[in-house]
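Trainee: Have a look at the structure that comes next, please.
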2 protein chains.
Amino acid sequence: MTDNARSGLDIDVGNRCSRVAWDWSRTTLAARQGKPGASWGHLEASFASLLDFGGVRIGITSDGIGTKIELAERVGDYSTLGWDLTAMVSDDLAANGIEPTNLSNILDVDRLDERIVSELLEGLANATRESGIAIAGGEIAELGARVGGWGDRMHFNWCATAIGVLPAGVDPVDGKAVAVDDVVVSVKERGFRSNGFSLVREVMEGAFGEAWHEAPYDGSQSWGRVLLTPSRVCAPLVAGLIAAGVVPHGIANITGGGIPDKLGRVLKVKQLGASLGSLHEPLPFMRALSDLGVVRDERAYRMWNMGNAMLLVLAPGDVARACATATELGFETRAAGHVTADPVIRIAAPHGDLAYPTPARTAAAERG
Amino acid sequence: MTDNARSGLDIDVGNRCSRVAWDWSRTTLAARQGKPGASWGHLEASFASLLDFGGVRIGITSDGIGTKIELAERVGDYSTLGWDLTAMVSDDLAANGIEPTNLSNILDVDRLDERIVSELLEGLANATRESGIAIAGGEIAELGARVGGWGDRMHFNWCATAIGVLPAGVDPVDGKAVAVDDVVVSVKERGFRSNGFSLVREVMEGAFGEAWHEAPYDGSQSWGRVLLTPSRVCAPLVAGLIAAGVVPHGIANITGGGIPDKLGRVLKVKQLGASLGSLHEPLPFMRALSDLGVVRDERAYRMWNMGNAMLLVLAPGDVARACATATELGFETRAAGHVTADPVIRIAAPHGDLAYPTPARTAAAERG
């Protein structure tokens, strides 16, 4: 997660580093040409790679949960981060129609605390199992002072790689099929995913000082506890839709950069836009956080998911079946708007309408 | 890399954490039963998992390069670590006969330095390309104070997941075929792999103080430069052997714990031993380091590879062909000894013979 949503980040150097990494990676593709593991072709608007193993198409992607970990350290609850980690990697596969099957995780720690390790892995096991994913490996590395964090307990960084399979006979979802008047269906999120936490910290520190996590959010919960709310894992919904014969035209996993960036990556493929008049409302604690920090909507929608975990771009005739399938699978969805010829993403936000131009389709923007 | 070779480590808590992680992971296997990504079966003596995708058998493993990174930070040369990272993951697949095909890497940094990122990725691209592996993705995460290291430049931790394919018709190499009088062929290493660096640091600091990396090793090189020598990537040799019809009975990738631990894991499957009278000699700088730190052979062979990157356990009739194939592929090999009925690993070391009992075959020892 190159956390573009972070406050104070030099986005340019981040983009340049992603670009240079991608350029070096491309020099290795020929090593597998004509062999198992050959690139199946470039996926536009994607954070995953698709590989060909004798006709079996395997997707792969890697990510981590960044600085959301500090919340678990502050609150002392390590049981929920597994959902965040599962969501970060599996939903980047799902965004291309790939069904995540297995996950391998790497836990870097300064020193080991068996209780914390167990709580983390229990959460990951629960999250993957409930998402139809099997953990296929992992590594715990003790790195001493190379790993830091908040407070006196074990510090850690946590990342994973997920692999999955593109169902036989299905083309990868990559935005090429998106058309004007397609319907954008939004899947409701319950928390922050693992993005935008530097801005969260900045706001919270400004409002409540160093021990901000202890500040009461409401009668029953602290701010720390609320901000720790785990991600929804949307991959089972995408797999369920495809199994039901509904292949989305485009899928945006709303992570760093929010809807403007992530839906923008999908829409730029055909240089289209979207009018989103009825997204899920920002979660109450996101609104409260925006108010505390005087974060304007324009910025908040670029930083946070604002209550929308994933956007599905669907043929109008598929919407009813998609929403019914989502309900069956326990996901709350709503028709949030539609695709427009005008290459601008328009959002009806709490304090008025927002407009974000769809990014230009450049070679450099195809990956990052 | 749970760096069991580290000096001063509480190995018990490391083993317990690996065990608890594995126990939680197993609770997720049922999530893929009968579906793509189902476990193909438990691999004994393995750090990889083997998954079934409609008859295509995909292996997966994750690892990092631990604290060897400090050497690059001290020397200011970031071009070689890619070989270490490639070796750590691809050779754990190769140890089961799996041909690594693709690698996805995650680079955690405190802050970005474009020049260092480029140098790291260039090295990784060179290492993977030359090893027949294509990079299939990656992630760069800016984590601020969650990442630390030596000196004033960008600090980072680096890990990867590799996937690969088990050639059709070949059983996974898991030690079950090992028999008395099999020949142990050793593949020569040129450097430390990514293990045992805490002991390296301890010795170097004791001998030369904080700026130990600048101490002259010989007329042309500093100690820091010598210790940074990159790993050999042995996976192409294993793939070449299998392509030539030589399937090893067992393969030990000599990482943390050295030959006693890693060959021990292979030999414990049949409760056999080995007599290793003619391993590759310890690399000169490993001998010099042992002398500096008064590290006895018994400990050094448990900490470091001592010049042996990988041990191949072969049917006697396969040895000539295996060594010829190795020479063709640019690997230096030698017949190092043979498998014995006595469950002890005997090593002819510079200062006399060493004997390490083959570990008992317990459920808890099957993974970790």
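Ordered as shown in the structure tokens, chains take letters A, B, and onward, while each chain numbers its residues from 1 and ligands are numbered from 1 in the order shown.
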Compile the contact shell of Trp24 (chain B) as a list in words: residues with an atom at most 8 Å away, counting only C-alpha atoms, same-chain residues fewer than 5 positions apart removed.
Mentor: Leu121, Glu122 and Ala125 of chain A
Trainee: Could you list, as a count of residues only, every residue of chain A that has an atom within 7 Å of an atom of chain B, counting only C-alpha atoms?
Mentor: 53
Trainee: So which bits of region 25-106 of chain B end up strand (DSSP E) when you DSSP the backbone, as a VMD selection string?
Mentor: chain B and resid 38 to 39 49 to 53 56 to 64 99 to 106
Trainee: Check region 74-224 of chain A with DSSP on the backbone and list each residue it calls alpha helix (DSSP H), as a PyMOL selection string.
Mentor: chain A and resi 74-75+81-94+114-130+197-208+223-224
Trainee: Just the residues within 12 Å of Thr327 (chain B), please, counting only C-alpha atoms, with nothing from its chain fewer than 3 positions along; format it as a VMD selection string.
Mentor: chain B and resid 187 to 188 237 240 to 241 320 to 324 330 to 334
Trainee: Using Å and a single decimal, report how far CA of Ala72 (chain B) sits from CA of Ala288 (chain B).
Mentor: 20.6 Å
Trainee: Which of these residues is nearest to Met286 (chain B), using only C-alpha atoms: B:Gln271, B:Thr86, B:Thr80, B:Asn308?
Mentor: B:Asn308
Trainee: What does the distance from CA of Tyr78 (chain A) to CA of Gly209 (chain A) come to in Å, to one decimal?
Mentor: 23.1 Å
Trainee: Mind checking which residues fall within 9 Å of region 249-257 of chain B, counting only C-alpha atoms, ignoring those fewer than 2 positions away in the same chain, and posting them as a ChimeraX atom specification?
Mentor: /B:1-6,45,88,91-92,94-97,173-179,182,192-196,234,238,247,259-267,301-305,308-315
Trainee: Find the residues near Asp291 (chain B): any atom within 12 Å, counting only C-alpha atoms, skip ones fewer than 3 places away on the same chain, and give them as number ranges by chain.
Mentor: B: 200, 203-204, 207, 284-288, 294-297, 300, 350-351
Trainee: Kindly export the residues of the current selection with N, CA, C and O atoms, as a PDB file, in the first residue's frame.
Mentor:
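Output (selection10.pdb):
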```pdb
ATOM      1  N   VAL B 200      26.900 -12.752  13.151  1.00  0.00           N
ATOM      2  CA  VAL B 200      27.905 -12.017  12.373  1.00  0.00           C
ATOM      3  C   VAL B 200      28.140 -10.640  12.995  1.00  0.00           C
ATOM      4  O   VAL B 200      29.281 -10.240  13.252  1.00  0.00           O
ATOM      5  N   VAL B 203      30.000 -10.794  16.364  1.00  0.00           N
ATOM      6  CA  VAL B 203      31.431 -11.050  16.201  1.00  0.00           C
ATOM      7  C   VAL B 203      32.137  -9.805  15.680  1.00  0.00           C
ATOM      8  O   VAL B 203      33.194  -9.400  16.200  1.00  0.00           O
ATOM      9  N   MET B 204      31.554  -9.183  14.677  1.00  0.00           N
ATOM     10  CA  MET B 204      32.211  -8.041  14.040  1.00  0.00           C
ATOM     11  C   MET B 204      32.319  -6.854  15.001  1.00  0.00           C
ATOM     12  O   MET B 204      33.350  -6.188  15.065  1.00  0.00           O
ATOM     13  N   ALA B 207      35.000  -7.416  17.454  1.00  0.00           N
ATOM     14  CA  ALA B 207      36.353  -7.340  16.900  1.00  0.00           C
ATOM     15  C   ALA B 207      36.742  -5.929  16.476  1.00  0.00           C
ATOM     16  O   ALA B 207      37.892  -5.519  16.635  1.00  0.00           O
ATOM     17  N   PRO B 284      36.414 -18.677   2.951  1.00  0.00           N
ATOM     18  CA  PRO B 284      37.496 -18.075   3.741  1.00  0.00           C
ATOM     19  C   PRO B 284      37.005 -17.044   4.752  1.00  0.00           C
ATOM     20  O   PRO B 284      37.472 -17.003   5.887  1.00  0.00           O
ATOM     21  N   PHE B 285      36.013 -16.218   4.338  1.00  0.00           N
ATOM     22  CA  PHE B 285      35.571 -15.196   5.298  1.00  0.00           C
ATOM     23  C   PHE B 285      34.728 -15.799   6.411  1.00  0.00           C
ATOM     24  O   PHE B 285      34.629 -15.222   7.492  1.00  0.00           O
ATOM     25  N   MET B 286      34.134 -16.951   6.181  1.00  0.00           N
ATOM     26  CA  MET B 286      33.431 -17.613   7.290  1.00  0.00           C
ATOM     27  C   MET B 286      34.441 -18.170   8.295  1.00  0.00           C
ATOM     28  O   MET B 286      34.224 -18.112   9.506  1.00  0.00           O
ATOM     29  N   ARG B 287      35.544 -18.689   7.775  1.00  0.00           N
ATOM     30  CA  ARG B 287      36.587 -19.178   8.684  1.00  0.00           C
ATOM     31  C   ARG B 287      37.193 -18.013   9.459  1.00  0.00           C
ATOM     32  O   ARG B 287      37.406 -18.116  10.667  1.00  0.00           O
ATOM     33  N   ALA B 288      37.455 -16.934   8.750  1.00  0.00           N
ATOM     34  CA  ALA B 288      38.058 -15.772   9.427  1.00  0.00           C
ATOM     35  C   ALA B 288      37.115 -15.231  10.501  1.00  0.00           C
ATOM     36  O   ALA B 288      37.545 -14.853  11.597  1.00  0.00           O
ATOM     37  N   VAL B 294      35.882 -16.517  17.924  1.00  0.00           N
ATOM     38  CA  VAL B 294      36.058 -17.776  18.642  1.00  0.00           C
ATOM     39  C   VAL B 294      34.747 -18.567  18.602  1.00  0.00           C
ATOM     40  O   VAL B 294      34.250 -19.049  19.630  1.00  0.00           O
ATOM     41  N   VAL B 295      34.177 -18.636  17.392  1.00  0.00           N
ATOM     42  CA  VAL B 295      32.959 -19.413  17.199  1.00  0.00           C
ATOM     43  C   VAL B 295      33.401 -20.838  16.839  1.00  0.00           C
ATOM     44  O   VAL B 295      34.053 -21.047  15.820  1.00  0.00           O
ATOM     45  N   ARG B 296      33.097 -21.772  17.708  1.00  0.00           N
ATOM     46  CA  ARG B 296      33.514 -23.147  17.451  1.00  0.00           C
ATOM     47  C   ARG B 296      32.765 -23.713  16.243  1.00  0.00           C
ATOM     48  O   ARG B 296      31.646 -23.310  15.942  1.00  0.00           O
ATOM     49  N   ASP B 297      33.390 -24.673  15.563  1.00  0.00           N
ATOM     50  CA  ASP B 297      32.779 -25.293  14.388  1.00  0.00           C
ATOM     51  C   ASP B 297      31.359 -25.783  14.676  1.00  0.00           C
ATOM     52  O   ASP B 297      30.458 -25.608  13.856  1.00  0.00           O
ATOM     53  N   ALA B 300      29.214 -22.826  14.452  1.00  0.00           N
ATOM     54  CA  ALA B 300      29.255 -22.192  13.128  1.00  0.00           C
ATOM     55  C   ALA B 300      28.419 -22.988  12.115  1.00  0.00           C
ATOM     56  O   ALA B 300      27.682 -22.403  11.309  1.00  0.00           O
ATOM     57  N   PRO B 350      36.691 -28.301   9.777  1.00  0.00           N
ATOM     58  CA  PRO B 350      38.117 -27.940   9.797  1.00  0.00           C
ATOM     59  C   PRO B 350      38.853 -28.380  11.067  1.00  0.00           C
ATOM     60  O   PRO B 350      39.987 -28.824  11.000  1.00  0.00           O
ATOM     61  N   HIS B 351      38.182 -28.268  12.221  1.00  0.00           N
ATOM     62  CA  HIS B 351      38.880 -28.597  13.468  1.00  0.00           C
ATOM     63  C   HIS B 351      38.466 -29.941  14.030  1.00  0.00           C
ATOM     64  O   HIS B 351      38.603 -30.182  15.230  1.00  0.00           O
TER      65      HIS B 351
END
```
